[in-house]
file final00.tsv (TSV, C-alpha atoms)
chain	number	residue	atom	x	y	z
A	10	MET	CA	30.92	81.27	-74.22
A	11	LYS	CA	30.17	84.82	-73.06
A	12	ILE	CA	31.33	85.80	-69.58
A	13	TYR	CA	27.83	85.98	-68.06
A	14	ASP	CA	26.99	82.49	-69.32
A	15	GLU	CA	30.32	81.27	-67.94
A	16	LEU	CA	29.53	82.70	-64.51
A	17	VAL	CA	26.21	80.85	-64.59
A	18	ALA	CA	27.87	77.63	-65.77
A	19	ARG	CA	30.41	77.87	-62.95
A	20	GLY	CA	27.58	78.17	-60.42
A	21	LEU	CA	28.40	81.71	-59.37
A	22	ILE	CA	25.09	83.50	-59.96
A	23	ALA	CA	22.11	83.04	-57.66
A	24	GLN	CA	19.81	86.05	-58.02
A	25	VAL	CA	19.78	89.09	-60.25
A	26	THR	CA	17.65	92.11	-60.98
A	27	ASP	CA	17.31	93.24	-64.59
A	28	GLU	CA	19.00	90.12	-65.96
A	29	ALA	CA	18.88	91.13	-69.62
A	30	GLU	CA	20.57	94.46	-68.95
A	31	ILE	CA	23.10	92.92	-66.59
A	32	LYS	CA	24.00	90.30	-69.16
A	33	GLU	CA	24.40	92.95	-71.87
A	34	LEU	CA	26.68	95.12	-69.74
A	35	ILE	CA	28.89	92.31	-68.47
A	36	ASN	CA	29.27	90.58	-71.83
A	37	ASN	CA	30.30	93.84	-73.48
A	38	GLY	CA	32.69	94.95	-70.76
A	39	LYS	CA	30.56	97.95	-69.83
A	40	ALA	CA	29.91	97.15	-66.18
A	41	THR	CA	31.48	99.20	-63.42
A	42	PHE	CA	30.75	97.05	-60.41
A	43	TYR	CA	31.62	97.05	-56.76
A	44	ILE	CA	32.06	94.45	-54.05
A	45	GLY	CA	32.48	95.50	-50.43
A	46	PHE	CA	34.90	94.14	-47.83
A	47	ASP	CA	34.61	95.12	-44.18
A	48	PRO	CA	38.08	95.28	-42.56
A	49	THR	CA	37.33	93.05	-39.56
A	50	ALA	CA	40.86	91.55	-39.57
A	51	ASP	CA	44.30	92.36	-40.96
A	52	SER	CA	44.05	89.69	-43.64
A	53	LEU	CA	41.51	88.38	-46.10
A	54	HIS	CA	40.59	84.71	-45.69
A	55	VAL	CA	39.32	82.00	-48.00
A	56	GLY	CA	35.75	83.12	-47.36
A	57	HIS	CA	36.59	86.16	-49.51
A	58	PHE	CA	38.03	83.98	-52.24
A	59	MET	CA	34.96	83.74	-54.41
A	60	ALA	CA	34.50	87.51	-54.54
A	61	LEU	CA	38.17	88.04	-55.41
A	62	CYS	CA	38.02	85.45	-58.19
A	63	LEU	CA	34.80	86.98	-59.53
A	64	MET	CA	36.38	90.43	-59.72
A	65	LYS	CA	39.34	88.97	-61.57
A	66	ARG	CA	37.11	87.16	-64.08
A	67	LEU	CA	35.03	90.25	-64.78
A	68	GLN	CA	38.08	92.49	-65.14
A	69	MET	CA	39.60	90.01	-67.61
A	70	ALA	CA	36.38	90.41	-69.63
A	71	GLY	CA	36.84	94.19	-69.79
A	72	ASN	CA	34.66	95.27	-66.86
A	73	ARG	CA	35.88	97.69	-64.19
A	74	PRO	CA	35.98	96.63	-60.53
A	75	VAL	CA	35.48	99.06	-57.69
A	76	VAL	CA	36.84	97.55	-54.48
A	77	LEU	CA	34.99	99.10	-51.58
A	78	ILE	CA	36.80	98.86	-48.26
A	79	GLY	CA	34.39	99.38	-45.39
A	80	GLY	CA	36.45	101.74	-43.28
A	81	GLY	CA	33.20	103.53	-42.40
A	82	THR	CA	30.80	100.61	-42.06
A	83	GLY	CA	33.54	98.91	-40.04
A	84	TYR	CA	32.66	101.34	-37.26
A	85	ILE	CA	29.23	99.67	-37.08
A	86	GLY	CA	29.72	96.02	-38.07
A	87	ASP	CA	27.57	93.89	-40.35
A	88	PRO	CA	24.95	91.91	-38.36
A	89	SER	CA	24.53	89.37	-41.19
A	90	GLY	CA	25.27	85.86	-40.00
A	91	ARG	CA	26.00	87.08	-36.48
A	92	SER	CA	24.47	85.87	-33.22
A	93	ASP	CA	26.03	88.74	-31.27
A	94	MET	CA	27.40	92.22	-31.82
A	95	ARG	CA	30.85	92.61	-33.35
A	96	SER	CA	33.63	94.07	-31.24
A	97	MET	CA	34.17	97.79	-31.80
A	98	MET	CA	37.47	98.53	-33.54
A	99	THR	CA	39.61	101.62	-33.15
A	100	PRO	CA	40.14	103.93	-36.16
A	101	GLU	CA	43.82	102.93	-36.18
A	102	THR	CA	42.98	99.22	-36.36
A	103	ILE	CA	40.45	99.80	-39.15
A	104	GLN	CA	42.99	101.76	-41.22
A	105	HIS	CA	45.68	99.12	-40.69
A	106	ASN	CA	43.33	96.38	-41.83
A	107	CYS	CA	42.35	98.40	-44.91
A	108	ASP	CA	46.01	98.77	-45.87
A	109	CYS	CA	46.57	95.02	-45.50
A	110	PHE	CA	43.55	94.22	-47.69
A	111	LYS	CA	44.78	96.39	-50.54
A	112	LYS	CA	48.19	94.73	-50.58
A	113	GLN	CA	46.63	91.27	-50.81
A	114	MET	CA	44.06	92.24	-53.43
A	115	GLU	CA	46.77	93.43	-55.79
A	116	ARG	CA	47.57	89.76	-56.48
A	117	PHE	CA	44.09	89.34	-57.97
A	118	ILE	CA	43.12	92.70	-59.43
A	119	GLU	CA	44.98	95.18	-61.59
A	120	PHE	CA	44.67	98.68	-60.18
A	121	GLY	CA	45.43	101.86	-62.07
A	122	GLU	CA	44.04	104.48	-64.41
A	123	ASP	CA	41.00	103.12	-66.28
A	124	LYS	CA	41.44	99.85	-64.39
A	125	ALA	CA	40.31	98.79	-60.94
A	126	ILE	CA	40.00	101.39	-58.21
A	127	MET	CA	39.87	101.04	-54.45
A	128	VAL	CA	37.72	103.34	-52.35
A	129	ASN	CA	37.07	103.57	-48.62
A	130	ASN	CA	33.57	104.42	-47.47
A	131	ALA	CA	35.00	106.21	-44.46
A	132	ASP	CA	35.72	109.05	-46.89
A	133	TRP	CA	32.02	109.83	-47.21
A	134	LEU	CA	30.19	108.06	-44.40
A	135	LEU	CA	32.16	109.76	-41.62
A	136	LYS	CA	31.29	113.18	-43.06
A	137	LEU	CA	27.53	112.67	-43.12
A	138	ASN	CA	25.33	114.98	-41.10
A	139	TYR	CA	22.97	112.83	-39.01
A	140	ILE	CA	19.86	114.96	-39.44
A	141	GLU	CA	20.50	115.36	-43.16
A	142	LEU	CA	20.95	111.60	-43.49
A	143	LEU	CA	17.65	110.95	-41.73
A	144	ARG	CA	15.82	113.39	-43.99
A	145	GLU	CA	17.46	112.53	-47.32
A	146	VAL	CA	18.08	108.78	-46.95
A	147	GLY	CA	16.12	107.49	-43.98
A	148	ALA	CA	12.86	108.62	-45.53
A	149	CYS	CA	13.44	106.17	-48.42
A	150	PHE	CA	13.41	103.09	-46.15
A	151	SER	CA	10.46	101.22	-44.69
A	152	VAL	CA	11.13	99.91	-41.18
A	153	ASN	CA	8.61	97.13	-41.84
A	154	ASN	CA	10.64	95.93	-44.84
A	155	MET	CA	13.92	96.26	-42.97
A	156	LEU	CA	12.66	94.07	-40.13
A	157	ARG	CA	11.78	91.35	-42.63
A	158	ALA	CA	15.31	91.37	-44.08
A	159	ARG	CA	17.25	88.13	-43.80
A	160	CYS	CA	20.30	89.95	-42.45
A	161	TYR	CA	18.33	90.93	-39.31
A	162	GLU	CA	16.11	87.88	-38.99
A	163	GLN	CA	18.25	85.71	-36.73
A	164	ARG	CA	19.18	88.62	-34.48
A	165	MET	CA	15.65	89.65	-33.58
A	166	GLU	CA	15.21	87.14	-30.75
A	167	LYS	CA	18.61	87.77	-29.14
A	168	GLY	CA	18.50	91.49	-29.67
A	169	LEU	CA	19.56	93.84	-32.45
A	170	SER	CA	21.23	97.12	-31.53
A	171	PHE	CA	20.10	100.36	-33.15
A	172	LEU	CA	23.72	100.79	-34.25
A	173	GLU	CA	23.59	97.58	-36.31
A	174	PHE	CA	20.09	98.39	-37.57
A	175	ASN	CA	21.66	101.28	-39.47
A	176	TYR	CA	24.01	99.00	-41.40
A	177	MET	CA	21.54	98.48	-44.25
A	178	ILE	CA	21.17	102.24	-44.69
A	179	MET	CA	24.96	102.70	-44.71
A	180	GLN	CA	25.50	99.94	-47.29
A	181	SER	CA	22.68	101.28	-49.45
A	182	TYR	CA	24.17	104.76	-49.28
A	183	ASP	CA	27.51	103.33	-50.47
A	184	PHE	CA	25.95	102.19	-53.75
A	185	TYR	CA	24.17	105.52	-54.13
A	186	HIS	CA	27.45	107.39	-53.63
A	187	LEU	CA	29.43	105.13	-55.97
A	188	PHE	CA	26.74	105.42	-58.64
A	189	LYS	CA	26.86	109.21	-58.54
A	190	GLU	CA	30.60	109.72	-58.16
A	191	TYR	CA	32.11	106.81	-60.14
A	192	GLY	CA	29.38	105.69	-62.52
A	193	CYS	CA	29.18	102.36	-60.68
A	194	ASN	CA	26.13	100.68	-62.22
A	195	MET	CA	26.27	97.25	-60.61
A	196	GLN	CA	26.86	95.64	-57.23
A	197	PHE	CA	27.78	92.09	-56.29
A	198	GLY	CA	27.52	90.41	-52.90
A	199	GLY	CA	26.68	87.23	-51.05
A	200	ASP	CA	23.22	85.80	-50.82
A	201	ASP	CA	23.09	86.97	-47.19
A	202	GLN	CA	23.47	90.56	-48.47
A	203	TRP	CA	20.48	90.51	-50.82
A	204	SER	CA	18.24	92.80	-48.73
A	205	ASN	CA	21.03	95.34	-48.22
A	206	MET	CA	21.81	95.32	-51.93
A	207	LEU	CA	18.20	95.77	-52.95
A	208	GLY	CA	18.11	98.71	-50.55
A	209	GLY	CA	20.90	100.36	-52.51
A	210	THR	CA	19.21	99.77	-55.85
A	211	GLU	CA	15.92	101.19	-54.58
A	212	LEU	CA	17.62	104.20	-52.98
A	213	ILE	CA	19.21	105.15	-56.30
A	214	ARG	CA	15.92	104.86	-58.15
A	215	LYS	CA	13.99	106.81	-55.52
A	216	LYS	CA	16.54	109.61	-55.33
A	217	LEU	CA	17.52	109.81	-59.00
A	218	GLY	CA	14.42	108.56	-60.77
A	219	LYS	CA	13.30	105.31	-62.33
A	220	ASP	CA	15.60	105.82	-65.30
A	221	ALA	CA	18.67	105.38	-63.07
A	222	HIS	CA	19.82	101.88	-63.99
A	223	ALA	CA	21.42	100.37	-60.90
A	224	MET	CA	21.59	96.59	-60.86
A	225	THR	CA	22.15	93.86	-58.33
A	226	ILE	CA	23.63	90.36	-58.44
A	227	THR	CA	24.29	87.86	-55.65
A	228	LEU	CA	26.85	85.09	-55.62
A	229	LEU	CA	25.48	81.60	-55.20
A	230	LEU	CA	27.64	80.39	-52.34
A	231	ASN	CA	29.25	83.46	-50.89
A	232	SER	CA	27.68	82.84	-47.47
A	233	GLU	CA	28.96	79.27	-47.69
A	234	GLY	CA	32.25	80.73	-48.79
A	235	LYS	CA	32.43	82.65	-45.53
A	236	LYS	CA	32.14	79.33	-43.73
A	237	MET	CA	35.00	78.05	-45.90
A	238	GLY	CA	37.20	80.55	-44.13
A	239	LYS	CA	36.81	78.76	-40.80
A	240	THR	CA	38.22	75.41	-39.78
A	241	ALA	CA	38.39	73.55	-36.50
A	242	SER	CA	41.77	75.20	-35.82
A	243	GLY	CA	40.73	78.72	-36.81
A	244	ALA	CA	40.66	80.80	-39.96
A	245	VAL	CA	42.43	80.04	-43.24
A	246	TRP	CA	44.05	83.32	-44.16
A	247	LEU	CA	45.54	84.59	-47.40
A	248	ASP	CA	48.43	86.15	-45.49
A	249	PRO	CA	51.32	83.63	-45.58
A	250	ASP	CA	52.41	84.75	-42.10
A	251	LYS	CA	49.04	83.62	-40.74
A	252	THR	CA	48.45	80.54	-42.91
A	253	SER	CA	51.55	79.15	-44.62
A	254	PRO	CA	51.37	78.23	-48.32
A	255	TYR	CA	51.70	74.59	-47.26
A	256	ASP	CA	48.77	74.80	-44.82
A	257	PHE	CA	46.78	76.70	-47.45
A	258	PHE	CA	47.53	73.92	-49.96
A	259	GLN	CA	46.55	71.24	-47.45
A	260	TYR	CA	43.27	73.00	-46.64
A	261	TRP	CA	42.12	72.68	-50.25
A	262	ARG	CA	43.72	69.24	-50.63
A	263	ASN	CA	41.43	68.02	-47.83
A	264	VAL	CA	38.07	69.28	-49.13
A	265	GLY	CA	35.30	66.70	-49.19
A	266	ASP	CA	34.77	64.46	-52.21
A	267	LYS	CA	31.37	66.03	-52.91
A	268	ASP	CA	32.80	69.57	-52.90
A	269	VAL	CA	36.01	69.25	-54.90
A	270	LEU	CA	34.59	69.63	-58.41
A	271	LYS	CA	32.26	72.40	-57.28
A	272	CYS	CA	35.27	74.28	-55.88
A	273	ILE	CA	37.30	73.69	-59.04
A	274	ARG	CA	34.47	75.01	-61.18
A	275	MET	CA	33.80	78.07	-59.02
A	276	LEU	CA	37.27	79.10	-57.88
A	277	THR	CA	39.86	78.07	-60.45
A	278	PHE	CA	40.48	79.55	-63.88
A	279	LEU	CA	40.76	76.17	-65.61
A	280	PRO	CA	38.65	75.94	-68.80
A	281	LEU	CA	35.15	74.60	-68.25
A	282	GLU	CA	35.72	71.98	-70.95
A	283	GLU	CA	38.62	70.58	-68.91
A	284	ILE	CA	36.60	70.65	-65.69
A	285	ASP	CA	33.60	68.94	-67.30
A	286	LYS	CA	35.80	65.95	-68.12
A	287	MET	CA	36.44	65.53	-64.39
A	288	ASP	CA	32.74	65.01	-63.65
A	289	SER	CA	33.14	61.28	-64.20
A	290	TRP	CA	36.16	60.96	-61.90
A	291	GLU	CA	35.66	58.65	-58.94
A	292	GLY	CA	37.70	57.02	-56.20
A	293	SER	CA	41.42	57.77	-56.33
A	294	ARG	CA	40.93	60.15	-59.23
A	295	LEU	CA	39.10	62.50	-56.87
A	296	ASN	CA	42.39	62.79	-55.00
A	297	ASP	CA	43.96	63.94	-58.26
A	298	ALA	CA	41.20	66.53	-58.56
A	299	LYS	CA	41.86	67.73	-54.99
A	300	GLU	CA	45.53	68.18	-55.78
A	301	ILE	CA	44.66	70.15	-58.91
A	302	LEU	CA	42.36	72.37	-56.84
A	303	ALA	CA	44.97	72.90	-54.12
A	304	PHE	CA	47.75	73.68	-56.60
A	305	GLU	CA	45.71	76.11	-58.69
A	306	LEU	CA	44.45	78.09	-55.71
A	307	THR	CA	47.82	78.15	-53.93
A	308	LYS	CA	49.39	79.39	-57.18
A	309	LEU	CA	46.76	82.10	-57.45
A	310	VAL	CA	47.33	83.37	-53.91
A	311	HIS	CA	51.03	82.69	-53.28
A	312	GLY	CA	52.56	82.25	-56.74
A	313	GLU	CA	53.61	79.20	-58.73
A	314	GLU	CA	56.93	78.68	-56.94
A	315	GLU	CA	55.29	78.47	-53.50
A	316	ALA	CA	52.56	76.22	-54.92
A	317	LYS	CA	55.21	73.80	-56.22
A	318	LYS	CA	56.98	73.81	-52.86
A	319	ALA	CA	53.70	73.11	-51.05
A	320	ARG	CA	52.89	70.26	-53.45
A	321	ASP	CA	56.36	68.75	-53.05
A	322	ALA	CA	56.07	68.99	-49.27
A	323	SER	CA	52.68	67.30	-49.38
A	324	HIS	CA	54.13	64.46	-51.46
A	325	ALA	CA	57.02	64.11	-49.02
A	326	VAL	CA	54.74	64.04	-46.00
A	327	PHE	CA	51.94	61.84	-47.24
A	328	GLY	CA	53.38	59.93	-50.16
A	329	GLY	CA	56.92	59.22	-49.05
A	330	ALA	CA	58.24	61.11	-52.08
A	331	GLY	CA	59.11	64.65	-52.94
A	332	ASP	CA	61.34	67.27	-51.36
A	333	HIS	CA	61.52	67.09	-47.55
A	334	ALA	CA	63.11	70.55	-47.54
A	335	ASN	CA	59.69	72.05	-48.15
A	336	MET	CA	58.00	70.24	-45.29
A	337	PRO	CA	56.52	72.59	-42.63
A	338	THR	CA	59.38	73.18	-40.21
A	339	VAL	CA	59.76	74.48	-36.67
A	340	VAL	CA	63.18	75.65	-35.51
A	341	PHE	CA	64.24	75.10	-31.89
A	342	GLY	CA	67.07	77.09	-30.36
A	343	ASP	CA	69.39	76.26	-27.47
A	344	SER	CA	67.12	78.08	-25.03
A	345	ASP	CA	64.31	75.60	-25.77
A	346	PHE	CA	66.32	72.69	-24.36
A	347	GLU	CA	66.99	71.71	-20.77
A	348	ASP	CA	69.85	69.29	-20.18
A	349	GLY	CA	69.94	68.68	-23.94
A	350	LYS	CA	66.27	67.66	-24.14
A	351	ILE	CA	62.84	69.14	-24.77
A	352	GLY	CA	59.58	67.54	-23.70
A	353	LEU	CA	57.34	66.43	-26.55
A	354	LEU	CA	54.38	68.30	-25.07
A	355	LYS	CA	56.32	71.56	-24.86
A	356	ALA	CA	57.62	71.07	-28.40
A	357	MET	CA	54.11	70.47	-29.76
A	358	VAL	CA	52.81	73.67	-28.16
A	359	LYS	CA	55.74	75.69	-29.55
A	360	ALA	CA	55.06	74.21	-32.99
A	361	GLY	CA	51.37	75.13	-32.80
A	362	MET	CA	50.33	71.47	-32.93
A	363	ALA	CA	48.46	71.93	-29.65
A	364	ALA	CA	47.08	74.96	-27.85
A	365	SER	CA	48.27	73.84	-24.42
A	366	ASN	CA	50.24	71.15	-22.61
A	367	GLY	CA	46.93	69.63	-21.54
A	368	GLU	CA	45.70	69.31	-25.11
A	369	ALA	CA	49.06	67.88	-26.19
A	370	ARG	CA	49.01	65.37	-23.32
A	371	ARG	CA	45.53	64.12	-24.23
A	372	THR	CA	46.52	63.72	-27.88
A	373	VAL	CA	49.66	61.76	-26.97
A	374	MET	CA	47.91	59.49	-24.46
A	375	GLN	CA	45.17	58.76	-26.99
A	376	GLY	CA	47.79	57.47	-29.44
A	377	GLY	CA	47.50	60.40	-31.84
A	378	VAL	CA	51.18	61.38	-32.04
A	379	SER	CA	54.22	59.72	-33.61
A	380	VAL	CA	57.87	60.72	-33.90
A	381	ASN	CA	59.80	59.41	-36.90
A	382	ASP	CA	56.93	56.97	-37.57
A	383	GLU	CA	57.06	55.57	-34.00
A	384	LYS	CA	53.82	56.06	-32.08
A	385	ILE	CA	54.35	57.80	-28.74
A	386	SER	CA	51.96	57.15	-25.84
A	387	ASP	CA	54.15	58.39	-22.96
A	388	ALA	CA	53.35	62.01	-22.13
A	389	ALA	CA	56.77	62.34	-20.50
A	390	PHE	CA	58.60	61.54	-23.77
A	391	SER	CA	61.42	63.94	-24.63
A	392	LEU	CA	63.32	64.71	-27.79
A	393	SER	CA	67.08	65.12	-27.61
A	394	LYS	CA	68.95	67.96	-29.25
A	395	GLU	CA	70.70	65.36	-31.41
A	396	GLN	CA	67.39	63.89	-32.62
A	397	ILE	CA	66.12	67.28	-33.63
A	398	ALA	CA	69.44	68.31	-35.17
A	399	THR	CA	68.96	65.68	-37.88
A	400	GLY	CA	65.27	66.56	-38.33
A	401	ALA	CA	62.54	64.83	-36.33
A	402	ILE	CA	59.25	64.19	-38.16
A	403	VAL	CA	56.32	64.62	-35.76
A	404	LYS	CA	52.82	63.61	-36.79
A	405	LYS	CA	49.56	64.50	-35.10
A	406	GLY	CA	46.75	62.38	-36.47
A	407	LYS	CA	46.79	61.79	-40.21
A	408	LYS	CA	46.95	65.33	-41.53
A	409	VAL	CA	49.20	67.43	-39.27
A	410	ILE	CA	52.88	66.71	-39.88
A	411	MET	CA	55.87	68.90	-39.08
A	412	LYS	CA	59.64	68.67	-39.07
A	413	PHE	CA	61.45	69.78	-35.90
A	414	ILE	CA	65.00	71.02	-36.38
A	415	HIS	CA	67.66	72.65	-34.20
A	416	GLU	CA	69.79	75.60	-35.21
call {"tool": "encode", "arguments": {"input": "final00.tsv", "output": "structure tokens"}}
result
Amino acid sequence: MKIYDELVARGLIAQVTDEAEIKELINNGKATFYIGFDPTADSLHVGHFMALCLMKRLQMAGNRPVVLIGGGTGYIGDPSGRSDMRSMMTPETIQHNCDCFKKQMERFIEFGEDKAIMVNNADWLLKLNYIELLREVGACFSVNNMLRARCYEQRMEKGLSFLEFNYMIMQSYDFYHLFKEYGCNMQFGGDDQWSNMLGGTELIRKKLGKDAHAMTITLLLNSEGKKMGKTASGAVWLDPDKTSPYDFFQYWRNVGDKDVLKCIRMLTFLPLEEIDKMDSWEGSRLNDAKEILAFELTKLVHGEEEAKKARDASHAVFGGAGDHANMPTVVFGDSDFEDGKIGLLKAMVKAGMAASNGEARRTVMQGGVSVNDEKISDAAFSLSKEQIATGAIVKKGKKVIMKFIHE
């Protein structure tokens, strides 16, 4: 199966322009394509996962990725999917976030001569002359069409700043610049970026003539993928210091039954023939599929060794088997104890199992916490230094389990 047909079969392609030409370029390894990432944090999260996996697939098929870091557009902020304006970041914060992105992306993409390249749109956007931009680029855009764009639609009632209104022009200019300077002939992005991407394609053709072949593709569920990055407890990051390999594994292990095969098909590199055989799996076999998904993605992000540790810890926590040494652990020092004891509420907050003593108290009094398989309903319960020295297993609900130890 050719790579374009595989992308379709995996459910990754939603809309395209010039499909025949796109298919020809991708299948023959002749596409130089870009995907943009705005540096709004110092780590990528699972909402970026689909784009990273797509770049990896296309590079494996001989195509050249251009990773565009939005150091320039980060000064404005993408209004897509937003109900309010993004916080303004300092130049130092933007640069730090860009550096963090590159380090993480190197696990997915091979950079180097004639391989993937990383560029920062701050290098050209920050040098633009405003009047020149208005004359040379602004004249190519219809305000009427921009106002109909999906990326602005939900902001119109609450208010859209003129700063954010310029985002489409900036993103379109990125493609124009990459086309001229790097021969980038294709752009990928989420379905919420379609209007911005079409703007780039049209800008190239208006400025360079109809024979300039710039092409656009959107990913089927990239906007849903952004939602994947958020959970009830916050974001699921690719940085192990923000989301541990175990928590990353558990996030994918707990996907819904109806989503597990879709995620395996879209995000893993398992052969389609193998995945198709899972379509008939039901009941407990779906749990097997979830473990396959969690292991494959944890291996991709954190390496096989960490994936095995996370799987073993999951077995130890939820199945009564496996290596307890790999269970998520919180270390308490002497300063955490008073008269040889530490209150359960205080310990839960330190461990990140609750945001505050009040939240911990409510969880305990509602019967949602156990220590060494004994349910605790007394908010005044304390753990002794001796209990923790041997390893106390604390559970919050069915899915949050940690080992408390003393050193």
call {"tool": "closest_residue", "arguments": {"input": "final00.tsv", "among": "A:Ser323, A:Gln202, A:Ser393, A:Ser151", "to": "A:Phe258", "atoms": "all atoms listed in the file"}}
result
A:Ser323
call {"tool": "atom_distance", "arguments": {"input": "final00.tsv", "atom1": "atom CA of A:Met155", "atom2": "atom CA of A:Tyr176"}}
result
10.6 Å
call {"tool": "residues_near_point", "arguments": {"input": "final00.tsv", "point": "(50.4, 78.4, -44.8)", "cutoff": "12 Å", "atoms": "all atoms listed in the file", "output": "NGL selection string"}}
result
:A and (54 or 244-261 or 307 or 310-311 or 315-316 or 318-319 or 322 or 335-338)
call {"tool": "write_last_selection", "arguments": {"input": "final00.tsv", "atoms": "C-alpha atoms", "output": "mmCIF file, in the frame of the given file"}}
result
data_model
loop_
_atom_site.group_PDB
_atom_site.id
_atom_site.type_symbol
_atom_site.label_atom_id
_atom_site.label_comp_id
_atom_site.auth_asym_id
_atom_site.auth_seq_id
_atom_site.Cartn_x
_atom_site.Cartn_y
_atom_site.Cartn_z
ATOM 1 C CA HIS A 54 40.590 84.710 -45.690
ATOM 2 C CA ALA A 244 40.660 80.800 -39.960
ATOM 3 C CA VAL A 245 42.430 80.040 -43.240
ATOM 4 C CA TRP A 246 44.050 83.320 -44.160
ATOM 5 C CA LEU A 247 45.540 84.590 -47.400
ATOM 6 C CA ASP A 248 48.430 86.150 -45.490
ATOM 7 C CA PRO A 249 51.320 83.630 -45.580
ATOM 8 C CA ASP A 250 52.410 84.750 -42.100
ATOM 9 C CA LYS A 251 49.040 83.620 -40.740
ATOM 10 C CA THR A 252 48.450 80.540 -42.910
ATOM 11 C CA SER A 253 51.550 79.150 -44.620
ATOM 12 C CA PRO A 254 51.370 78.230 -48.320
ATOM 13 C CA TYR A 255 51.700 74.590 -47.260
ATOM 14 C CA ASP A 256 48.770 74.800 -44.820
ATOM 15 C CA PHE A 257 46.780 76.700 -47.450
ATOM 16 C CA PHE A 258 47.530 73.920 -49.960
ATOM 17 C CA GLN A 259 46.550 71.240 -47.450
ATOM 18 C CA TYR A 260 43.270 73.000 -46.640
ATOM 19 C CA TRP A 261 42.120 72.680 -50.250
ATOM 20 C CA THR A 307 47.820 78.150 -53.930
ATOM 21 C CA VAL A 310 47.330 83.370 -53.910
ATOM 22 C CA HIS A 311 51.030 82.690 -53.280
ATOM 23 C CA GLU A 315 55.290 78.470 -53.500
ATOM 24 C CA ALA A 316 52.560 76.220 -54.920
ATOM 25 C CA LYS A 318 56.980 73.810 -52.860
ATOM 26 C CA ALA A 319 53.700 73.110 -51.050
ATOM 27 C CA ALA A 322 56.070 68.990 -49.270
ATOM 28 C CA ASN A 335 59.690 72.050 -48.150
ATOM 29 C CA MET A 336 58.000 70.240 -45.290
ATOM 30 C CA PRO A 337 56.520 72.590 -42.630
ATOM 31 C CA THR A 338 59.380 73.180 -40.210
#
call {"tool": "atom_distance", "arguments": {"input": "final00.tsv", "atom1": "atom CA of A:Leu295", "atom2": "atom CA of A:Asp266"}}
result
6.7 Å
call {"tool": "residues_near_point", "arguments": {"input": "final00.tsv", "point": "(22.5, 112.2, -46.2)", "cutoff": "12 Å", "atoms": "all atoms listed in the file", "output": "PyMOL selection string"}}
result
chain A and resi 133-149+178-179+181-183+185-186+212+216
call {"tool": "atom_distance", "arguments": {"input": "final00.tsv", "atom1": "atom CA of A:Arg370", "atom2": "atom CA of A:Ser391"}}
result
12.6 Å
call {"tool": "closest_residue", "arguments": {"input": "final00.tsv", "among": "A:Ser170, A:Thr210, A:Thr227, A:Asn130", "to": "A:Val17", "atoms": "all atoms listed in the file"}}
result
A:Thr227
call {"tool": "residues_around", "arguments": {"input": "final00.tsv", "residues": "A:Phe184", "least_positions_apart": "4", "cutoff": "9 Å", "atoms": "all atoms listed in the file", "output": "list in words"}}
result
Tyr43, Gln180, Phe188, Lys189, Cys193, Asn194, Met195, Gln196, Met206, Gly209, Thr210, Leu212, Ile213 and Ala223 of chain A
call {"tool": "closest_residue", "arguments": {"input": "final00.tsv", "among": "A:Lys359, A:Phe46, A:Asp123, A:Ile31", "to": "A:Gly71", "atoms": "only C-alpha atoms"}}
result
A:Asp123
call {"tool": "closest_residue", "arguments": {"input": "final00.tsv", "among": "A:Glu15, A:Asp348, A:Glu305, A:Asp51", "to": "A:Glu282", "atoms": "all atoms listed in the file"}}
result
A:Glu15
call {"tool": "closest_residue", "arguments": {"input": "final00.tsv", "among": "A:Val152, A:Ala363, A:Val340, A:Val264", "to": "A:Ala398", "atoms": "all atoms listed in the file"}}
result
A:Val340
call {"tool": "closest_residue", "arguments": {"input": "final00.tsv", "among": "A:Thr99, A:Asn129, A:Thr399, A:Thr26", "to": "A:Ile44", "atoms": "all atoms listed in the file"}}
result
A:Asn129
call {"tool": "residues_around", "arguments": {"input": "final00.tsv", "residues": "A:Met10", "least_positions_apart": "3", "cutoff": "12 Å", "atoms": "all atoms listed in the file", "output": "list in words"}}
result
Tyr13, Asp14, Glu15, Leu16, Val17, Ala18, Arg19, Asn36, Ala70, Pro280, Leu281 and Glu282 of chain A
call {"tool": "write_last_selection", "arguments": {"input": "final00.tsv", "atoms": "C-alpha atoms", "output": "CSV table (one decimal), in the frame of the given file"}}
result
chain,number,residue,atom,x,y,z
A,13,TYR,CA,27.8,86.0,-68.1
A,14,ASP,CA,27.0,82.5,-69.3
A,15,GLU,CA,30.3,81.3,-67.9
A,16,LEU,CA,29.5,82.7,-64.5
A,17,VAL,CA,26.2,80.8,-64.6
A,18,ALA,CA,27.9,77.6,-65.8
A,19,ARG,CA,30.4,77.9,-63.0
A,36,ASN,CA,29.3,90.6,-71.8
A,70,ALA,CA,36.4,90.4,-69.6
A,280,PRO,CA,38.6,75.9,-68.8
A,281,LEU,CA,35.2,74.6,-68.2
A,282,GLU,CA,35.7,72.0,-71.0
call {"tool": "residues_around", "arguments": {"input": "final00.tsv", "residues": "A:Glu122", "least_positions_apart": "3", "cutoff": "12 Å", "atoms": "only C-alpha atoms", "output": "ChimeraX atom specification"}}
result
/A:73-74,119,125-127
call {"tool": "residues_around", "arguments": {"input": "final00.tsv", "residues": "A:Lys404", "least_positions_apart": "3", "cutoff": "9 Å", "atoms": "only C-alpha atoms", "output": "ChimeraX atom specification"}}
result
/A:377-382,384,407-412
